[in-house]
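**Q** Structure incoming, see below.
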Amino acid sequence: MENKEKGFRIAVLSGKGGTGKTLVSVNLAALQADSAYVDCDVEEPNGHLYFPMEKEAKTQVYSPIPQVNDDLCNGCRECVDFCRFYALAYINEKVKVFENICHSCLGCGLVCPTNAITFNNSTVGTVSTGKHQGIHVYSGSLEIGKASGIPIIKELLKKSHKEKRLVMTDCPPGSACIVMESIKDADYCVLVAEPTIFGAHNLALVHELVSLFHIPYGVVLNKCTDSKNPSEKYCEENKIPILAKLDFDPELGKLNSDGKIVVWEKEEYRTIFEEMASRIAKEVGHETVVGIER
Ligand code: SF4
Ligand code: SF4
């Protein structure tokens with residue numbers, strides 16, 4: 001891998017779940033013996049199924065949740081009006097906090113004119129770290145019912161930032177603010193898209209998002225067949241580099257759904273992913289980004 005001093009961060013994203021984002025990120029990470037893989041899909045983390053951790057270390061992640069002192073509250077409802085997540089309500093002359101939909105923005109505390117609001121830390125999930133066959137693995141998990149995984153992603157990024165190696169970030173699906181958090185420090189973004197009209201629509205959403213960040217990017221077209229590929233057409237029309245085209249292959253689907261790393265299982269896929277890595281390297285102007293060292 002080039003640039004060991006600072007590391008190189010590649011974020012893999014897609015407009016929706018099930019497009020092959022995790023397939024691409026785990027296999028790119030697996031090409032290199034000492035890379036890091038960060039699973040930021042904290043609502044449905046499944047990277048650990050590909051990279052089960054040896055000596056897993058878990059830490060709790062906390063988030064501030066408002067507590068209202070009824071003796072200080074004058075019932076002005078400024079906090080209720082402020083909260084755009086509807087996590088506060090004024091009921092029976094008291095402010096009620098719906099903890100599970102609070103996004104911990106701290107705003108209600110700032111607008112309260114009587115300083116009736118303070119914040120207590122509440123658990124939102126966990127971050128796990130460990131290694132699998134030399135790959136440094138970071139995985140986050142949001143507790144069921146909690147509103148926002150952003151504190152967990154921040155913790156994952158903080159921990160993985162110390163890595164002076166190739167870091168593959170497997171982002172949450174979609175194009176919401178939680179995805180922005182995952183890609184904002186990336187050196188390069190890989191967008192994964194399916195060959196359908198919906199695939200092209202979802203690709204357009206993530207394309208719009210990465211364009212805002214001015215990070216170089218390219219597309220991996222997954223599940224390709226001989227039929228028309230609206231996502232490929234979108235790339236051509238918008239002059240987006242196509243890093244690779246993965247054909248629809250039931251065997252690949254089976255290996256992947258069994259939690260197998262296809263570049264370790266089949267030479268044919270190793271070659272495809274190595275070419276994808278070379279293409280990324282070319283796009284960012286490095287000789288090698290994802291090394292071919294394993
Ligand atoms: S911290 Fe933010 S999200 Fe939570 S209740 Fe207050 S205003 Fe709403
Ligand atoms: S802003 Fe403060 S004083 Fe006003 S209702 Fe909310 S907690 Fe009470």
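Going through the structure tokens in order, the chains are called A, B, and so on, while each chain numbers its residues from 1 and the ligands are numbered from 1 in the order shown.
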Ligand 1: which residues are within 7 Å, counting only C-alpha atoms and all ligand atoms, as a list in words?

**A**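 Using only C-alpha atoms and all ligand atoms, I find these residues within 7 Å of ligand 1: Ile65, Pro66, Cys79, Phe82, Cys83, Arg84, Phe85, Tyr86, Ala87, Leu88, Val97, Cys102, His103, Ser104, Cys105, Leu106, Gly107, Cys108 and Gly109 of chain A.
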
**Q** Export, as a tab-separated table (two decimals), in the first residue's frame, the selected residues with N, CA and C atoms.

**A**
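Output (again14.tsv):
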```tsv
chain	number	residue	atom	x	y	z
A	65	ILE	N	-28.66	12.96	26.61
A	65	ILE	CA	-30.13	13.01	26.51
A	65	ILE	C	-30.62	14.06	27.52
A	66	PRO	N	-31.57	14.93	27.09
A	66	PRO	CA	-32.01	15.99	28.01
A	66	PRO	C	-32.79	15.48	29.23
A	79	CYS	N	-38.44	24.77	24.02
A	79	CYS	CA	-37.69	23.55	23.70
A	79	CYS	C	-38.51	22.64	22.78
A	82	PHE	N	-38.57	23.97	19.36
A	82	PHE	CA	-37.25	23.90	18.73
A	82	PHE	C	-36.95	22.50	18.17
A	83	CYS	N	-37.37	21.47	18.89
A	83	CYS	CA	-36.93	20.11	18.55
A	83	CYS	C	-37.57	19.64	17.25
A	84	ARG	N	-36.77	19.55	16.21
A	84	ARG	CA	-37.34	19.16	14.92
A	84	ARG	C	-37.52	17.65	14.81
A	85	PHE	N	-37.08	16.92	15.82
A	85	PHE	CA	-37.29	15.47	15.81
A	85	PHE	C	-38.53	15.07	16.63
A	86	TYR	N	-39.25	16.05	17.13
A	86	TYR	CA	-40.44	15.80	17.97
A	86	TYR	C	-40.10	14.88	19.14
A	87	ALA	N	-38.93	15.10	19.71
A	87	ALA	CA	-38.52	14.27	20.86
A	87	ALA	C	-38.99	14.88	22.19
A	88	LEU	N	-39.64	16.04	22.13
A	88	LEU	CA	-40.14	16.68	23.35
A	88	LEU	C	-41.63	16.99	23.18
A	97	VAL	N	-39.65	13.91	27.70
A	97	VAL	CA	-38.58	13.62	26.74
A	97	VAL	C	-38.77	12.20	26.20
A	102	CYS	N	-34.68	11.17	20.42
A	102	CYS	CA	-33.78	12.32	20.59
A	102	CYS	C	-32.48	12.07	19.81
A	103	HIS	N	-32.04	13.07	19.05
A	103	HIS	CA	-30.80	12.96	18.28
A	103	HIS	C	-29.61	13.62	18.99
A	104	SER	N	-29.81	14.00	20.24
A	104	SER	CA	-28.71	14.56	21.07
A	104	SER	C	-28.05	15.78	20.44
A	105	CYS	N	-28.87	16.65	19.86
A	105	CYS	CA	-28.28	17.84	19.22
A	105	CYS	C	-27.95	18.93	20.24
A	106	LEU	N	-28.47	18.80	21.46
A	106	LEU	CA	-28.25	19.73	22.59
A	106	LEU	C	-28.98	21.06	22.43
A	107	GLY	N	-29.71	21.22	21.33
A	107	GLY	CA	-30.35	22.52	21.04
A	107	GLY	C	-31.38	22.94	22.07
A	108	CYS	N	-32.15	21.97	22.59
A	108	CYS	CA	-33.20	22.34	23.55
A	108	CYS	C	-32.58	22.99	24.79
A	109	GLY	N	-31.39	22.49	25.16
A	109	GLY	CA	-30.69	23.06	26.32
A	109	GLY	C	-30.27	24.50	26.04
```

**Q** Quick one: pick out all helix (DSSP H, G or I) residues within segment 146-294 of chain A from a backbone DSSP run and write them as a PDB file with C-alpha atoms, in the first residue's frame.

**A**
```
ATOM      1  CA  ILE A 150     -24.076   9.132  14.352  1.00  0.00           C
ATOM      2  CA  PRO A 151     -22.339   8.972  17.789  1.00  0.00           C
ATOM      3  CA  ILE A 152     -21.314   5.380  16.998  1.00  0.00           C
ATOM      4  CA  ILE A 153     -20.005   6.321  13.551  1.00  0.00           C
ATOM      5  CA  LYS A 154     -18.058   9.211  15.087  1.00  0.00           C
ATOM      6  CA  GLU A 155     -16.500   6.796  17.560  1.00  0.00           C
ATOM      7  CA  LEU A 156     -15.669   4.287  14.790  1.00  0.00           C
ATOM      8  CA  LEU A 157     -14.043   7.023  12.705  1.00  0.00           C
ATOM      9  CA  LYS A 158     -12.167   8.389  15.698  1.00  0.00           C
ATOM     10  CA  LYS A 159     -10.748   4.963  16.523  1.00  0.00           C
ATOM     11  CA  SER A 160      -9.927   4.030  12.916  1.00  0.00           C
ATOM     12  CA  CYS A 177     -26.651  12.794   7.179  1.00  0.00           C
ATOM     13  CA  ILE A 178     -25.403   9.528   8.712  1.00  0.00           C
ATOM     14  CA  VAL A 179     -23.773   8.746   5.334  1.00  0.00           C
ATOM     15  CA  MET A 180     -22.187  12.201   5.213  1.00  0.00           C
ATOM     16  CA  GLU A 181     -20.584  11.508   8.576  1.00  0.00           C
ATOM     17  CA  SER A 182     -19.094   8.291   7.168  1.00  0.00           C
ATOM     18  CA  ILE A 183     -17.584   9.817   4.028  1.00  0.00           C
ATOM     19  CA  ILE A 197     -33.918   2.263 -13.279  1.00  0.00           C
ATOM     20  CA  PHE A 198     -34.175   2.295  -9.474  1.00  0.00           C
ATOM     21  CA  GLY A 199     -30.456   1.536  -9.317  1.00  0.00           C
ATOM     22  CA  ALA A 200     -29.732   4.552 -11.517  1.00  0.00           C
ATOM     23  CA  HIS A 201     -32.037   6.715  -9.386  1.00  0.00           C
ATOM     24  CA  ASN A 202     -30.249   5.642  -6.189  1.00  0.00           C
ATOM     25  CA  LEU A 203     -26.907   6.177  -7.880  1.00  0.00           C
ATOM     26  CA  ALA A 204     -27.947   9.726  -8.779  1.00  0.00           C
ATOM     27  CA  LEU A 205     -28.720  10.412  -5.081  1.00  0.00           C
ATOM     28  CA  VAL A 206     -25.318   9.275  -3.838  1.00  0.00           C
ATOM     29  CA  HIS A 207     -23.602  10.932  -6.779  1.00  0.00           C
ATOM     30  CA  GLU A 208     -25.199  14.230  -5.729  1.00  0.00           C
ATOM     31  CA  LEU A 209     -23.975  13.624  -2.180  1.00  0.00           C
ATOM     32  CA  VAL A 210     -20.330  12.864  -3.027  1.00  0.00           C
ATOM     33  CA  SER A 211     -20.254  15.809  -5.447  1.00  0.00           C
ATOM     34  CA  LEU A 212     -20.916  18.087  -2.446  1.00  0.00           C
ATOM     35  CA  PHE A 213     -17.773  16.828  -0.719  1.00  0.00           C
ATOM     36  CA  PRO A 230     -29.529   2.503 -16.774  1.00  0.00           C
ATOM     37  CA  SER A 231     -26.796   2.963 -14.145  1.00  0.00           C
ATOM     38  CA  GLU A 232     -24.079   2.546 -16.759  1.00  0.00           C
ATOM     39  CA  LYS A 233     -25.903   5.054 -18.982  1.00  0.00           C
ATOM     40  CA  TYR A 234     -26.025   7.484 -16.045  1.00  0.00           C
ATOM     41  CA  CYS A 235     -22.255   7.113 -15.566  1.00  0.00           C
ATOM     42  CA  GLU A 236     -21.599   7.722 -19.254  1.00  0.00           C
ATOM     43  CA  GLU A 237     -23.862  10.759 -19.365  1.00  0.00           C
ATOM     44  CA  PRO A 250     -25.356 -16.955  -8.692  1.00  0.00           C
ATOM     45  CA  GLU A 251     -22.090 -18.509  -7.486  1.00  0.00           C
ATOM     46  CA  LEU A 252     -20.787 -15.122  -6.385  1.00  0.00           C
ATOM     47  CA  GLY A 253     -24.139 -14.479  -4.675  1.00  0.00           C
ATOM     48  CA  LYS A 254     -23.944 -17.831  -2.861  1.00  0.00           C
ATOM     49  CA  LEU A 255     -20.335 -17.371  -1.706  1.00  0.00           C
ATOM     50  CA  ASN A 256     -21.107 -13.855  -0.558  1.00  0.00           C
ATOM     51  CA  SER A 257     -24.271 -14.788   1.306  1.00  0.00           C
ATOM     52  CA  VAL A 262     -14.557 -14.186  -2.821  1.00  0.00           C
ATOM     53  CA  VAL A 263     -11.042 -12.881  -3.526  1.00  0.00           C
ATOM     54  CA  TRP A 264      -9.759 -15.554  -1.148  1.00  0.00           C
ATOM     55  CA  GLU A 265     -11.971 -18.239  -2.653  1.00  0.00           C
ATOM     56  CA  GLU A 267      -8.792 -16.631  -8.542  1.00  0.00           C
ATOM     57  CA  GLU A 268     -11.231 -15.222 -11.087  1.00  0.00           C
ATOM     58  CA  TYR A 269     -12.672 -12.795  -8.518  1.00  0.00           C
ATOM     59  CA  ARG A 270      -9.275 -11.960  -7.143  1.00  0.00           C
ATOM     60  CA  THR A 271      -8.309 -10.775 -10.625  1.00  0.00           C
ATOM     61  CA  ILE A 272     -11.505  -8.720 -10.991  1.00  0.00           C
ATOM     62  CA  PHE A 273     -10.999  -6.989  -7.615  1.00  0.00           C
ATOM     63  CA  GLU A 274      -7.304  -6.411  -8.272  1.00  0.00           C
ATOM     64  CA  GLU A 275      -8.233  -4.696 -11.530  1.00  0.00           C
ATOM     65  CA  MET A 276     -10.817  -2.627  -9.621  1.00  0.00           C
ATOM     66  CA  ALA A 277      -8.111  -1.645  -7.128  1.00  0.00           C
ATOM     67  CA  SER A 278      -5.721  -0.718  -9.943  1.00  0.00           C
ATOM     68  CA  ARG A 279      -8.410   1.426 -11.506  1.00  0.00           C
ATOM     69  CA  ILE A 280      -8.967   3.259  -8.191  1.00  0.00           C
ATOM     70  CA  ALA A 281      -5.211   3.782  -7.907  1.00  0.00           C
ATOM     71  CA  LYS A 282      -5.172   5.246 -11.401  1.00  0.00           C
ATOM     72  CA  GLU A 283      -8.092   7.551 -10.600  1.00  0.00           C
ATOM     73  CA  VAL A 284      -6.348   9.008  -7.556  1.00  0.00           C
TER      74      VAL A 284
END
```

**Q** Could you give me, as a PyMOL selection string, each residue of segment 107-214 of chain A that DSSP assigns to strand (DSSP E or B) when run on this structure's backbone?

**A** chain A and resi 117-132+135-142+166-170+188-193

**Q** Please write the residues from the selection above to a file, keeping N, CA and C atoms, as a compact mmCIF listing (two decimals), in the first residue's frame.

**A**
```
# COMPACT_ATOMS: atom_id res chain seq x y z
N ILE A 117 -32.88 22.64 31.49
CA ILE A 117 -32.50 21.40 30.80
C ILE A 117 -31.00 21.12 30.98
N THR A 118 -30.73 19.94 31.49
CA THR A 118 -29.34 19.45 31.56
C THR A 118 -29.31 18.13 30.77
N PHE A 119 -28.12 17.56 30.63
CA PHE A 119 -28.01 16.34 29.81
C PHE A 119 -27.32 15.22 30.58
N ASN A 120 -27.90 14.03 30.45
CA ASN A 120 -27.29 12.83 31.03
C ASN A 120 -26.88 11.89 29.91
N ASN A 121 -25.79 11.18 30.09
CA ASN A 121 -25.38 10.24 29.06
C ASN A 121 -26.21 8.97 29.09
N SER A 122 -26.63 8.54 27.89
CA SER A 122 -27.39 7.30 27.77
C SER A 122 -26.72 6.41 26.71
N THR A 123 -26.72 5.10 26.91
CA THR A 123 -26.06 4.20 25.95
C THR A 123 -26.84 4.18 24.65
N VAL A 124 -26.11 4.30 23.52
CA VAL A 124 -26.77 4.18 22.21
C VAL A 124 -26.32 2.95 21.44
N GLY A 125 -25.21 2.38 21.84
CA GLY A 125 -24.73 1.19 21.13
C GLY A 125 -23.32 0.85 21.52
N THR A 126 -22.68 0.04 20.66
CA THR A 126 -21.32 -0.41 20.97
C THR A 126 -20.42 -0.31 19.74
N VAL A 127 -19.13 -0.24 20.02
CA VAL A 127 -18.11 -0.32 18.97
C VAL A 127 -17.23 -1.52 19.30
N SER A 128 -17.03 -2.38 18.30
CA SER A 128 -16.17 -3.55 18.51
C SER A 128 -14.95 -3.43 17.62
N THR A 129 -13.81 -3.83 18.16
CA THR A 129 -12.58 -3.81 17.37
C THR A 129 -11.87 -5.15 17.55
N GLY A 130 -11.16 -5.53 16.51
CA GLY A 130 -10.41 -6.79 16.58
C GLY A 130 -9.70 -7.01 15.26
N LYS A 131 -9.18 -8.21 15.07
CA LYS A 131 -8.47 -8.52 13.83
C LYS A 131 -8.99 -9.83 13.27
N HIS A 132 -8.93 -9.92 11.94
CA HIS A 132 -9.24 -11.19 11.29
C HIS A 132 -8.20 -11.41 10.20
N ILE A 135 -6.38 -8.43 9.12
CA ILE A 135 -7.16 -7.23 8.78
C ILE A 135 -7.72 -6.63 10.07
N HIS A 136 -7.55 -5.33 10.22
CA HIS A 136 -8.03 -4.63 11.41
C HIS A 136 -9.52 -4.32 11.20
N VAL A 137 -10.35 -4.81 12.09
CA VAL A 137 -11.79 -4.71 11.87
C VAL A 137 -12.42 -3.80 12.93
N TYR A 138 -13.26 -2.88 12.47
CA TYR A 138 -14.01 -1.96 13.35
C TYR A 138 -15.48 -2.11 12.99
N SER A 139 -16.30 -2.36 14.00
CA SER A 139 -17.72 -2.56 13.71
C SER A 139 -18.56 -1.85 14.77
N GLY A 140 -19.60 -1.17 14.33
CA GLY A 140 -20.47 -0.47 15.28
C GLY A 140 -21.85 -1.07 15.26
N SER A 141 -22.55 -0.97 16.37
CA SER A 141 -23.90 -1.52 16.43
C SER A 141 -24.80 -0.59 17.24
N LEU A 142 -25.88 -0.14 16.60
CA LEU A 142 -26.84 0.76 17.26
C LEU A 142 -27.84 -0.08 18.05
N LEU A 166 -4.35 1.26 4.61
CA LEU A 166 -5.56 1.40 3.80
C LEU A 166 -6.78 1.16 4.69
N VAL A 167 -7.73 2.10 4.69
CA VAL A 167 -8.94 1.94 5.49
C VAL A 167 -10.14 1.92 4.55
N MET A 168 -10.86 0.80 4.55
CA MET A 168 -12.08 0.70 3.74
C MET A 168 -13.27 0.97 4.65
N THR A 169 -14.05 1.99 4.33
CA THR A 169 -15.23 2.31 5.15
C THR A 169 -16.49 1.85 4.43
N ASP A 170 -17.21 0.95 5.07
CA ASP A 170 -18.46 0.42 4.53
C ASP A 170 -19.57 1.31 5.11
N TYR A 188 -11.29 8.86 -1.17
CA TYR A 188 -11.89 8.41 -2.42
C TYR A 188 -13.21 7.72 -2.09
N CYS A 189 -14.22 7.85 -2.96
CA CYS A 189 -15.51 7.18 -2.74
C CYS A 189 -15.79 6.21 -3.88
N VAL A 190 -16.25 5.03 -3.51
CA VAL A 190 -16.69 4.04 -4.50
C VAL A 190 -18.21 3.93 -4.36
N LEU A 191 -18.93 4.21 -5.44
CA LEU A 191 -20.39 4.12 -5.42
C LEU A 191 -20.77 2.80 -6.08
N VAL A 192 -21.61 2.02 -5.42
CA VAL A 192 -22.01 0.72 -5.97
C VAL A 192 -23.45 0.82 -6.44
N ALA A 193 -23.70 0.39 -7.70
CA ALA A 193 -25.05 0.55 -8.25
C ALA A 193 -25.51 -0.70 -8.98
```

**Q** Just checking: using only C-alpha atoms, which residue out of A:Val220, A:Val42, A:Ala30, A:Cys171 ends up closest to Lys16 of chain A?

**A**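 The answer is A:Cys171, which sits nearest to Lys16 of chain A.
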
**Q** Please, which residues have at least one atom within 8 Å of an atom of ligand 2, using only C-alpha atoms and all ligand atoms, listed as a list in words?

**A** Val68, Asn69, Asp70, Leu72, Cys73, Asn74, Gly75, Cys76, Arg77, Glu78, Cys79, Val80, Tyr90, Lys94, Val95, Cys108, Gly109, Val111, Cys112, Pro113, Thr114, Asn115, Ala116 and Ile117 of chain A

**Q** Quick one: of A:Asp71, A:Ala57, A:Gly47, A:Gly285, who's nearest to Asp187 of chain A, counting only C-alpha atoms?

**A** A:Gly285

**Q** Taking only C-alpha atoms into account, which of A:Leu246, A:Ile261, A:Lys266, A:Asp226 comes nearest Phe51 of chain A?

**A**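 Checking each candidate against Phe51 of chain A, we get A:Ile261 as the closest.
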
**Q** Any idea what the distance is between atom CA of Val26 of chain A and atom CA of Ala11 of chain A?

**A**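 Computing it gives 11.4 Å between the two atoms.
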
**Q** Separation of atom CA of His161 of chain A and atom CA of Leu23 of chain A, in Å?

**A**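 Computing it gives 22.5 Å between the two atoms.
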